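Single-structure report; data block below.
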Amino acid sequence: MLKVKDLDVYYGVIHAVKGISFNVPEGKIVTLIGANGAGKSSTLKAIAGLVKSKGNIKFLGHDIRGKQAHKISNMGISLVPEGRHVFVNLTILENLRMGGFNKKHSELEPLYEKAFELFPILKERANQKAGTLSGGEQQMLALARALMSEPSLLMLDEPSLGLAPKIVAEVFDIVKMLNSKGMTVLLVEQNAAQALKIAHYAYVLENGAITLEDEAKALLNNEQVRKSYLGEM
Amino acid sequence: MKRNQILTILSIILLFLFLWYANNNLSAYYIRILNNTAIFLMLAASYNLINGVTGQFSLEPNGFTAIGAYTAAILTLTPAQKEAMFIISPMVPWLQNLHMSFFPALIVAGIVTAIVGFLLGFPVFRVRGDYLAIVTLGFGLTIRVVSNNTISITNGPLGLKGIENYTNLWWTWGFAVVTLIIIMRLINSEFGRAMKAVRDDEDAAIAMGINTFKIKMIAFVTSAFFEGVAGGLLAHLITTISPTLFTFFLTFNLLIIIVIGGLGSMTGTAIATILVVWGSEILRFVEQPMHIFNFTIPGIPGMRMVIFSILLIVIMIFAREGIMGQKEFSWDSLFKLFKTKKVANK
């Protein structure tokens, strides 16, 4: 579904992503794991059109590299940004409305229903400002908001960041459940253990380059990965 | 829904009844202040749209007001008047012979300003935050320099004189009410919500598929249009305009108004406009020579601004969001207030 080839991202003189290539097949969860500054978020931002990049990004057969971000979003790629980034001064309902910005008014009602079914906590607080939600609830809202545009590819940037372990498990359960209903997911995580548990395929990023790739289950048992990312001595 | 609309229409009628009374009974001084209030309300409301609602810290209103004022004034002056006035160098012939009545001149002023705003938007919205403020500040200065030097269009530092005094309470308040209605409708529309989303988190808004450049442009061009019209009204109220009239001071006054009222709240803007415009009239005495016991303090020009600055500091400390924050007045909340009071009385 998504094919990335020789992707380069530069911030001025800093070469953040160094010619990486990977595939996200339809209906799968693919994860990019790696330490801080490995270039994971830059990769997602490049795909979403938020930063300039070089190389080749193909989505459903169309070349999307260099397109404007709102056009890429309209094609069916939805990004849940790192650190949630909900609109704190808008209500939850308005946040969801923004997620479905490219939808017609008549299409919205069933989408709200769907979001509230998935995240009942949001329904109780529909008219509350998003800034009053807890971190976990904001992450749920960010997820629900990203789903409003009915994407065919969902990109999650560090969904576990700053959340209690219990909430992290909840978020990952939801991602897994979405995937079982057919959603393709590209997941970027520092929490490698959690990510590898739900993913089908994984890439390990180090200093902007892919050093390892395999089935997620195989990587869970990989000596090198266990040492570097799963905290085993 | 119905009830609220009726109440809104009733209060607008009440406002115009008051204006009718004011027009017939109050002195020219008070009518002038009422006119000023309406023009500043237009300026502040449209400034708040870009600065408060969309969160783009720009400092352009003095430039836009100048463009509107000059455009409208050039259009309503008769060819004979222009010929007599342009003594340094004659006016460009096609402008010299252009003549219109007041209302179309105001609309053209708005449209010309909106076009300038549209063109300015392309370079301006490539930058964010402080840079945006600096670029727009530069634009205001540029307009001033240009109006000083394009002598065959603006008559340079001599300014334009003898502009017909068309502006009256009906024009100013009519336009102010229309401006507020249109801006409120815009804020409550799909675009308005997107503007607030851009203010809260521009990156997330982009990721949501919102074309933030377009959204910012809509806000900017709308506010440019109304600032242009307000400039035209101002020109026909004071009847003499020159480049020195549209300094950064004007923008600064508007900034005080929208910060005191609450960035993003039109209700707050209305309250703050009345406070600042009437306040600066009431505070005139502090600039007069004062006798306290046996001491005589000479009049200090600019003393009022000191008081406003102190007021601004106090607001920054104790009510950082301004009078209204981001809240708006609504009939529903008013009725709710009464209801809870009644319950409390029982």
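Simple scheme: letters A, B, ... for chains in structure tokens order, numbers from 1 for residues in each chain, numbers from 1 for ligands in the order shown.
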Can you tell me, as an mmCIF file with N, CA and C atoms, in the first residue's frame, what residues are no more than 9 Å from A:Met75 when counting only C-alpha atoms, ignoring any on the same chain fewer than 6 positions away?
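After the write, part27.cif holds the following:
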```cif
data_model
loop_
_atom_site.group_PDB
_atom_site.id
_atom_site.type_symbol
_atom_site.label_atom_id
_atom_site.label_comp_id
_atom_site.auth_asym_id
_atom_site.auth_seq_id
_atom_site.Cartn_x
_atom_site.Cartn_y
_atom_site.Cartn_z
ATOM 1 N N PHE A 59 1.971 5.891 -2.627
ATOM 2 C CA PHE A 59 0.824 5.461 -1.832
ATOM 3 C C PHE A 59 -0.283 5.037 -2.786
ATOM 4 N N PRO A 151 -9.284 7.121 7.130
ATOM 5 C CA PRO A 151 -8.049 6.893 6.368
ATOM 6 C C PRO A 151 -7.911 5.427 5.982
ATOM 7 N N SER A 152 -7.138 5.174 4.949
ATOM 8 C CA SER A 152 -6.805 3.781 4.662
ATOM 9 C C SER A 152 -5.447 3.436 5.263
#
```
Please find the residues of chain A near chain B - the criterion being any atom within 10 Å, counting only C-alpha atoms - and write them as a ChimeraX atom specification. /A:45,48-50,68-82,84-90,94-102,105,142,145-146,148-149
Those selected residues, please, written with C-alpha atoms and delivered as a PDB file, in the first residue's frame.
```pdb
ATOM      1  CA  LYS A  45       6.437  13.704   8.800  1.00  0.00           C
ATOM      2  CA  ALA A  48       2.549  13.189   5.682  1.00  0.00           C
ATOM      3  CA  GLY A  49       4.108  16.058   3.730  1.00  0.00           C
ATOM      4  CA  LEU A  50       4.986  18.100   6.814  1.00  0.00           C
ATOM      5  CA  GLN A  68       0.942  19.500   0.037  1.00  0.00           C
ATOM      6  CA  ALA A  69       0.057  18.010   3.402  1.00  0.00           C
ATOM      7  CA  HIS A  70      -3.687  18.619   3.118  1.00  0.00           C
ATOM      8  CA  LYS A  71      -3.769  16.847  -0.245  1.00  0.00           C
ATOM      9  CA  ILE A  72      -1.949  13.826   1.140  1.00  0.00           C
ATOM     10  CA  SER A  73      -4.387  13.736   4.032  1.00  0.00           C
ATOM     11  CA  ASN A  74      -7.306  13.819   1.617  1.00  0.00           C
ATOM     12  CA  MET A  75      -5.858  10.796  -0.204  1.00  0.00           C
ATOM     13  CA  GLY A  76      -6.352   8.692   2.909  1.00  0.00           C
ATOM     14  CA  ILE A  77      -3.255   9.006   5.089  1.00  0.00           C
ATOM     15  CA  SER A  78      -3.937  10.137   8.643  1.00  0.00           C
ATOM     16  CA  LEU A  79      -1.228  11.058  11.138  1.00  0.00           C
ATOM     17  CA  VAL A  80      -1.586  11.025  14.921  1.00  0.00           C
ATOM     18  CA  PRO A  81       1.205  13.435  15.789  1.00  0.00           C
ATOM     19  CA  GLU A  82       3.726  12.852  18.536  1.00  0.00           C
ATOM     20  CA  ARG A  84      -1.019  14.224  20.797  1.00  0.00           C
ATOM     21  CA  HIS A  85      -1.453  17.843  19.610  1.00  0.00           C
ATOM     22  CA  VAL A  86      -5.183  18.081  20.226  1.00  0.00           C
ATOM     23  CA  PHE A  87      -6.784  21.509  19.762  1.00  0.00           C
ATOM     24  CA  VAL A  88      -6.974  22.452  23.431  1.00  0.00           C
ATOM     25  CA  ASN A  89      -9.376  25.365  23.049  1.00  0.00           C
ATOM     26  CA  LEU A  90     -11.864  23.478  20.913  1.00  0.00           C
ATOM     27  CA  GLU A  94     -15.083  20.310  17.397  1.00  0.00           C
ATOM     28  CA  ASN A  95     -11.796  18.409  17.489  1.00  0.00           C
ATOM     29  CA  LEU A  96     -13.500  15.468  15.817  1.00  0.00           C
ATOM     30  CA  ARG A  97     -15.094  17.841  13.324  1.00  0.00           C
ATOM     31  CA  MET A  98     -11.613  19.079  12.407  1.00  0.00           C
ATOM     32  CA  GLY A  99     -10.474  15.508  11.880  1.00  0.00           C
ATOM     33  CA  GLY A 100     -13.245  15.127   9.339  1.00  0.00           C
ATOM     34  CA  PHE A 101     -12.488  18.445   7.685  1.00  0.00           C
ATOM     35  CA  ASN A 102     -12.672  16.946   4.201  1.00  0.00           C
ATOM     36  CA  HIS A 105     -21.770  17.646   6.803  1.00  0.00           C
ATOM     37  CA  ALA A 142      -6.092  12.272  18.869  1.00  0.00           C
ATOM     38  CA  ARG A 145      -9.766  12.562  15.414  1.00  0.00           C
ATOM     39  CA  ALA A 146      -7.367  10.846  13.008  1.00  0.00           C
ATOM     40  CA  MET A 148     -12.631  10.824  11.354  1.00  0.00           C
ATOM     41  CA  SER A 149     -11.192  11.212   7.864  1.00  0.00           C
TER      42      SER A 149
END
```
Just want the 6 Å neighbourhood of B:Ala109, counted on only C-alpha atoms, with same-chain residues fewer than 5 positions away dropped. Output as JSON, numbers by chain. {"B": [68, 71, 72, 228, 229]}
With N, CA and C atoms kept, could you save the residues just selected as a PDB file, in the first residue's frame?
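Resulting contents of out_33.pdb:
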```pdb
ATOM      1  N   GLY B  68      -7.411  52.014   2.756  1.00  0.00           N
ATOM      2  CA  GLY B  68      -8.852  52.234   2.653  1.00  0.00           C
ATOM      3  C   GLY B  68      -9.198  53.711   2.665  1.00  0.00           C
ATOM      4  N   THR B  71      -8.020  55.402  -0.625  1.00  0.00           N
ATOM      5  CA  THR B  71      -8.826  54.979  -1.771  1.00  0.00           C
ATOM      6  C   THR B  71     -10.181  55.671  -1.749  1.00  0.00           C
ATOM      7  N   ALA B  72     -10.852  55.596  -0.592  1.00  0.00           N
ATOM      8  CA  ALA B  72     -12.197  56.180  -0.514  1.00  0.00           C
ATOM      9  C   ALA B  72     -12.153  57.688  -0.737  1.00  0.00           C
ATOM     10  N   GLY B 228     -10.314  48.281   5.477  1.00  0.00           N
ATOM     11  CA  GLY B 228     -10.355  49.250   4.384  1.00  0.00           C
ATOM     12  C   GLY B 228     -11.604  50.114   4.436  1.00  0.00           C
ATOM     13  N   VAL B 229     -12.755  49.458   4.647  1.00  0.00           N
ATOM     14  CA  VAL B 229     -14.011  50.211   4.742  1.00  0.00           C
ATOM     15  C   VAL B 229     -13.960  51.174   5.934  1.00  0.00           C
TER      16      VAL B 229
END
```
For B:Thr136, find every residue with an atom within 8 Å (counting only C-alpha atoms), except residues of its own chain fewer than 5 positions away, and show them as a ChimeraX atom specification. /B:58-60,124
For those residues, write N, CA and C atoms to a file as a PDB file, in the first residue's frame.
```pdb
ATOM      1  N   SER B  58      -0.207  39.601  13.762  1.00  0.00           N
ATOM      2  CA  SER B  58       0.201  40.529  12.716  1.00  0.00           C
ATOM      3  C   SER B  58      -0.044  41.960  13.185  1.00  0.00           C
ATOM      4  N   LEU B  59       0.670  42.884  12.595  1.00  0.00           N
ATOM      5  CA  LEU B  59       0.598  44.285  13.027  1.00  0.00           C
ATOM      6  C   LEU B  59       0.289  45.177  11.831  1.00  0.00           C
ATOM      7  N   GLU B  60      -0.714  44.782  11.044  1.00  0.00           N
ATOM      8  CA  GLU B  60      -0.912  45.462   9.775  1.00  0.00           C
ATOM      9  C   GLU B  60      -2.019  46.516   9.749  1.00  0.00           C
ATOM     10  N   VAL B 124       3.704  36.956   3.471  1.00  0.00           N
ATOM     11  CA  VAL B 124       3.571  37.081   4.919  1.00  0.00           C
ATOM     12  C   VAL B 124       3.340  35.725   5.600  1.00  0.00           C
TER      13      VAL B 124
END
```
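Counting only C-alpha atoms, the residue from B:Trp331, B:Phe293, B:Trp278, B:Phe308 that sits nearest to B:Ile260 is B:Phe308.
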Excluding B:Ile107 and any residue of its chain fewer than 3 positions from it, enumerate the residues within 9 Å of it, using only C-alpha atoms, and give them as number ranges by chain. B: 72, 102-104, 110-112, 225, 228-229, 232
Export of prior selection with C-alpha atoms as a PDB file, in the first residue's frame:
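Once written, part-v4.pdb looks like this:
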```
ATOM      1  CA  ALA B  72     -12.197  56.180  -0.514  1.00  0.00           C
ATOM      2  CA  PHE B 102     -19.895  57.646  -0.870  1.00  0.00           C
ATOM      3  CA  PHE B 103     -21.207  54.098  -0.591  1.00  0.00           C
ATOM      4  CA  PRO B 104     -19.584  52.625  -3.729  1.00  0.00           C
ATOM      5  CA  GLY B 110     -12.668  47.646   1.015  1.00  0.00           C
ATOM      6  CA  ILE B 111     -12.058  45.653  -2.154  1.00  0.00           C
ATOM      7  CA  VAL B 112      -8.773  47.422  -2.953  1.00  0.00           C
ATOM      8  CA  PHE B 225     -11.745  44.340   3.629  1.00  0.00           C
ATOM      9  CA  GLY B 228     -10.355  49.250   4.384  1.00  0.00           C
ATOM     10  CA  VAL B 229     -14.011  50.211   4.742  1.00  0.00           C
ATOM     11  CA  GLY B 232     -12.859  55.080   4.296  1.00  0.00           C
TER      12      GLY B 232
END
```
Can you pull out every residue within 8 Å of B:Gly129, counting only C-alpha atoms, but drop anything in the same chain fewer than 3 positions away, and send it as a PyMOL selection string? chain B and resi 56-57+132-133
Choose the residue, out of B:Ala114, B:Leu234, B:Met42, B:Ile274, that has the smallest atom-to-atom separation from B:Ile182; count only C-alpha atoms. B:Met42
With distances taken over only C-alpha atoms, which residue among A:Leu118, A:Ala199, A:Val51, A:Ala193 lies nearest A:Asn179?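 Looking at the shortest contact to A:Asn179, the residue is A:Ala199.
The residue that comes closest to A:Pro165, out of A:Ser21, A:Thr91, A:Ser106, A:Asn191 and on the basis of only C-alpha atoms, is A:Asn191.
Pairwise distance (atom CA of B:Thr65, atom CA of B:Glu227) equals 5.4 Å.
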Expected answer as an mmCIF file with N, CA and C atoms, in the first residue's frame: helix (DSSP H, G or I) residues in stretch 283-343 of chain B:
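Output contents, as saved in out.cif:
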```
data_model
loop_
_atom_site.group_PDB
_atom_site.id
_atom_site.type_symbol
_atom_site.label_atom_id
_atom_site.label_comp_id
_atom_site.auth_asym_id
_atom_site.auth_seq_id
_atom_site.Cartn_x
_atom_site.Cartn_y
_atom_site.Cartn_z
ATOM 1 N N LEU B 283 -10.336 60.366 30.290
ATOM 2 C CA LEU B 283 -9.026 60.571 30.905
ATOM 3 C C LEU B 283 -8.309 61.814 30.373
ATOM 4 N N ARG B 284 -8.983 62.581 29.515
ATOM 5 C CA ARG B 284 -8.326 63.765 28.966
ATOM 6 C C ARG B 284 -7.789 64.690 30.054
ATOM 7 N N PHE B 285 -8.493 64.704 31.204
ATOM 8 C CA PHE B 285 -8.103 65.644 32.263
ATOM 9 C C PHE B 285 -6.679 65.399 32.756
ATOM 10 N N VAL B 286 -6.183 64.142 32.642
ATOM 11 C CA VAL B 286 -4.842 63.890 33.177
ATOM 12 C C VAL B 286 -3.765 64.560 32.332
ATOM 13 N N GLU B 287 -4.140 64.988 31.128
ATOM 14 C CA GLU B 287 -3.145 65.676 30.308
ATOM 15 C C GLU B 287 -3.242 67.187 30.464
ATOM 16 N N MET B 303 0.020 61.312 28.698
ATOM 17 C CA MET B 303 -0.224 60.726 30.019
ATOM 18 C C MET B 303 -1.284 59.622 29.953
ATOM 19 N N ARG B 304 -2.261 59.790 29.039
ATOM 20 C CA ARG B 304 -3.330 58.790 28.934
ATOM 21 C C ARG B 304 -2.764 57.437 28.535
ATOM 22 N N MET B 305 -1.773 57.464 27.649
ATOM 23 C CA MET B 305 -1.199 56.204 27.204
ATOM 24 C C MET B 305 -0.488 55.499 28.348
ATOM 25 N N VAL B 306 0.080 56.325 29.261
ATOM 26 C CA VAL B 306 0.727 55.715 30.420
ATOM 27 C C VAL B 306 -0.311 54.943 31.228
ATOM 28 N N ILE B 307 -1.483 55.579 31.391
ATOM 29 C CA ILE B 307 -2.527 54.907 32.163
ATOM 30 C C ILE B 307 -2.983 53.626 31.467
ATOM 31 N N PHE B 308 -3.119 53.707 30.138
ATOM 32 C CA PHE B 308 -3.517 52.487 29.412
ATOM 33 C C PHE B 308 -2.459 51.409 29.517
ATOM 34 N N SER B 309 -1.204 51.827 29.480
ATOM 35 C CA SER B 309 -0.137 50.838 29.603
ATOM 36 C C SER B 309 -0.190 50.150 30.953
ATOM 37 N N ILE B 310 -0.433 50.958 32.005
ATOM 38 C CA ILE B 310 -0.542 50.368 33.342
ATOM 39 C C ILE B 310 -1.722 49.392 33.379
ATOM 40 N N LEU B 311 -2.847 49.830 32.787
ATOM 41 C CA LEU B 311 -4.032 48.972 32.729
ATOM 42 C C LEU B 311 -3.700 47.650 32.040
ATOM 43 N N LEU B 312 -2.929 47.750 30.967
ATOM 44 C CA LEU B 312 -2.557 46.554 30.211
ATOM 45 C C LEU B 312 -1.708 45.621 31.071
ATOM 46 N N ILE B 313 -0.779 46.211 31.824
ATOM 47 C CA ILE B 313 0.075 45.399 32.692
ATOM 48 C C ILE B 313 -0.781 44.706 33.756
ATOM 49 N N VAL B 314 -1.714 45.474 34.331
ATOM 50 C CA VAL B 314 -2.589 44.897 35.365
ATOM 51 C C VAL B 314 -3.369 43.725 34.784
ATOM 52 N N ILE B 315 -3.878 43.912 33.561
ATOM 53 C CA ILE B 315 -4.647 42.825 32.939
ATOM 54 C C ILE B 315 -3.772 41.617 32.669
ATOM 55 N N MET B 316 -2.528 41.882 32.241
ATOM 56 C CA MET B 316 -1.610 40.777 31.989
ATOM 57 C C MET B 316 -1.340 39.978 33.261
ATOM 58 N N ILE B 317 -1.352 40.681 34.408
ATOM 59 C CA ILE B 317 -1.043 39.973 35.660
ATOM 60 C C ILE B 317 -2.274 39.251 36.203
ATOM 61 N N PHE B 318 -3.409 39.956 36.221
ATOM 62 C CA PHE B 318 -4.552 39.403 36.946
ATOM 63 C C PHE B 318 -5.587 38.722 36.060
ATOM 64 N N TRP B 331 -27.472 34.671 24.204
ATOM 65 C CA TRP B 331 -28.744 34.822 24.931
ATOM 66 C C TRP B 331 -28.969 33.634 25.844
ATOM 67 N N ASP B 332 -28.593 32.446 25.379
ATOM 68 C CA ASP B 332 -28.813 31.241 26.180
ATOM 69 C C ASP B 332 -28.130 31.338 27.537
ATOM 70 N N SER B 333 -26.869 31.796 27.517
ATOM 71 C CA SER B 333 -26.141 31.855 28.788
ATOM 72 C C SER B 333 -26.749 32.917 29.693
ATOM 73 N N LEU B 334 -27.302 33.988 29.070
ATOM 74 C CA LEU B 334 -27.953 35.032 29.865
ATOM 75 C C LEU B 334 -29.181 34.460 30.579
ATOM 76 N N PHE B 335 -29.983 33.705 29.829
ATOM 77 C CA PHE B 335 -31.184 33.118 30.424
ATOM 78 C C PHE B 335 -30.827 32.109 31.501
ATOM 79 N N LYS B 336 -29.772 31.372 31.251
ATOM 80 C CA LYS B 336 -29.300 30.396 32.236
ATOM 81 C C LYS B 336 -28.957 31.102 33.542
ATOM 82 N N LEU B 337 -28.284 32.250 33.387
ATOM 83 C CA LEU B 337 -27.878 33.019 34.554
ATOM 84 C C LEU B 337 -29.095 33.405 35.380
ATOM 85 N N PHE B 338 -30.153 33.881 34.696
ATOM 86 C CA PHE B 338 -31.380 34.274 35.392
ATOM 87 C C PHE B 338 -32.011 33.079 36.090
ATOM 88 N N LYS B 339 -32.033 31.961 35.384
ATOM 89 C CA LYS B 339 -32.668 30.760 35.926
ATOM 90 C C LYS B 339 -31.982 30.306 37.208
ATOM 91 N N THR B 340 -30.660 30.248 37.174
ATOM 92 C CA THR B 340 -29.958 29.786 38.372
ATOM 93 C C THR B 340 -30.164 30.767 39.512
ATOM 94 N N LYS B 341 -30.282 32.050 39.185
ATOM 95 C CA LYS B 341 -30.520 33.043 40.235
ATOM 96 C C LYS B 341 -31.878 32.820 40.869
ATOM 97 N N LYS B 342 -32.874 32.554 40.041
ATOM 98 C CA LYS B 342 -34.225 32.313 40.545
ATOM 99 C C LYS B 342 -34.229 31.115 41.476
ATOM 100 N N VAL B 343 -33.571 30.053 41.053
ATOM 101 C CA VAL B 343 -33.511 28.860 41.885
ATOM 102 C C VAL B 343 -32.851 29.193 43.212
#
```
Just want the 8 Å neighbourhood of A:Ala35, counted on only C-alpha atoms, with same-chain residues fewer than 6 positions away dropped. Output as number ranges by chain. A: 190, 205-206, 229
Saved selection, atoms kept: N, CA and C atoms, as a JSON list (two decimals), in the first residue's frame:
```
[["chain", "number", "residue", "atom", "x", "y", "z"],
["A", 190, "GLN", "N", 9.18, 4.11, 20.55],
["A", 190, "GLN", "CA", 10.40, 3.84, 21.31],
["A", 190, "GLN", "C", 10.18, 2.63, 22.20],
["A", 205, "LEU", "N", 15.54, 1.36, 13.11],
["A", 205, "LEU", "CA", 16.23, 2.55, 12.60],
["A", 205, "LEU", "C", 17.34, 2.94, 13.55],
["A", 206, "GLU", "N", 18.48, 3.24, 13.01],
["A", 206, "GLU", "CA", 19.58, 3.73, 13.83],
["A", 206, "GLU", "C", 20.27, 4.86, 13.09],
["A", 229, "TYR", "N", 17.15, -2.76, 22.61],
["A", 229, "TYR", "CA", 15.85, -2.08, 22.75],
["A", 229, "TYR", "C", 14.92, -2.70, 23.78]]
```
Assign secondary structure with DSSP using the backbone only, and return the residues of stretch 60-195 of chain A in strand (DSSP E or B) as a PDB file with C-alpha atoms, in the first residue's frame.
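Heads up, here's the output in selection.pdb:
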```
ATOM      1  CA  HIS A  62       0.433   7.418  -6.665  1.00  0.00           C
ATOM      2  CA  ASP A  63       3.591   9.394  -6.102  1.00  0.00           C
ATOM      3  CA  ILE A  77      -3.255   9.006   5.089  1.00  0.00           C
ATOM      4  CA  SER A  78      -3.937  10.137   8.643  1.00  0.00           C
ATOM      5  CA  LEU A  79      -1.228  11.058  11.138  1.00  0.00           C
ATOM      6  CA  VAL A  80      -1.586  11.025  14.921  1.00  0.00           C
ATOM      7  CA  THR A  91     -14.397  21.068  22.359  1.00  0.00           C
ATOM      8  CA  LYS A 129     -12.697  21.580  25.915  1.00  0.00           C
ATOM      9  CA  LEU A 153      -3.395   4.237   6.308  1.00  0.00           C
ATOM     10  CA  LEU A 154      -3.116   5.287   9.936  1.00  0.00           C
ATOM     11  CA  MET A 155       0.265   6.599  11.062  1.00  0.00           C
ATOM     12  CA  LEU A 156       0.912   6.745  14.793  1.00  0.00           C
ATOM     13  CA  ASP A 157       3.852   8.715  16.158  1.00  0.00           C
ATOM     14  CA  THR A 184      -3.339  -0.561   7.777  1.00  0.00           C
ATOM     15  CA  VAL A 185      -1.092   0.919  10.456  1.00  0.00           C
ATOM     16  CA  LEU A 186       2.381   2.420  10.407  1.00  0.00           C
ATOM     17  CA  LEU A 187       3.538   2.663  13.996  1.00  0.00           C
ATOM     18  CA  VAL A 188       6.568   4.548  15.241  1.00  0.00           C
ATOM     19  CA  GLU A 189       7.633   3.647  18.759  1.00  0.00           C
TER      20      GLU A 189
END
```
Straight-line distance linking atom CA of A:Val204 with atom CA of A:Gly34, stated in Å to one decimal: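 According to the coordinates, atom CA of A:Val204 and atom CA of A:Gly34 are separated by 5.7 Å.
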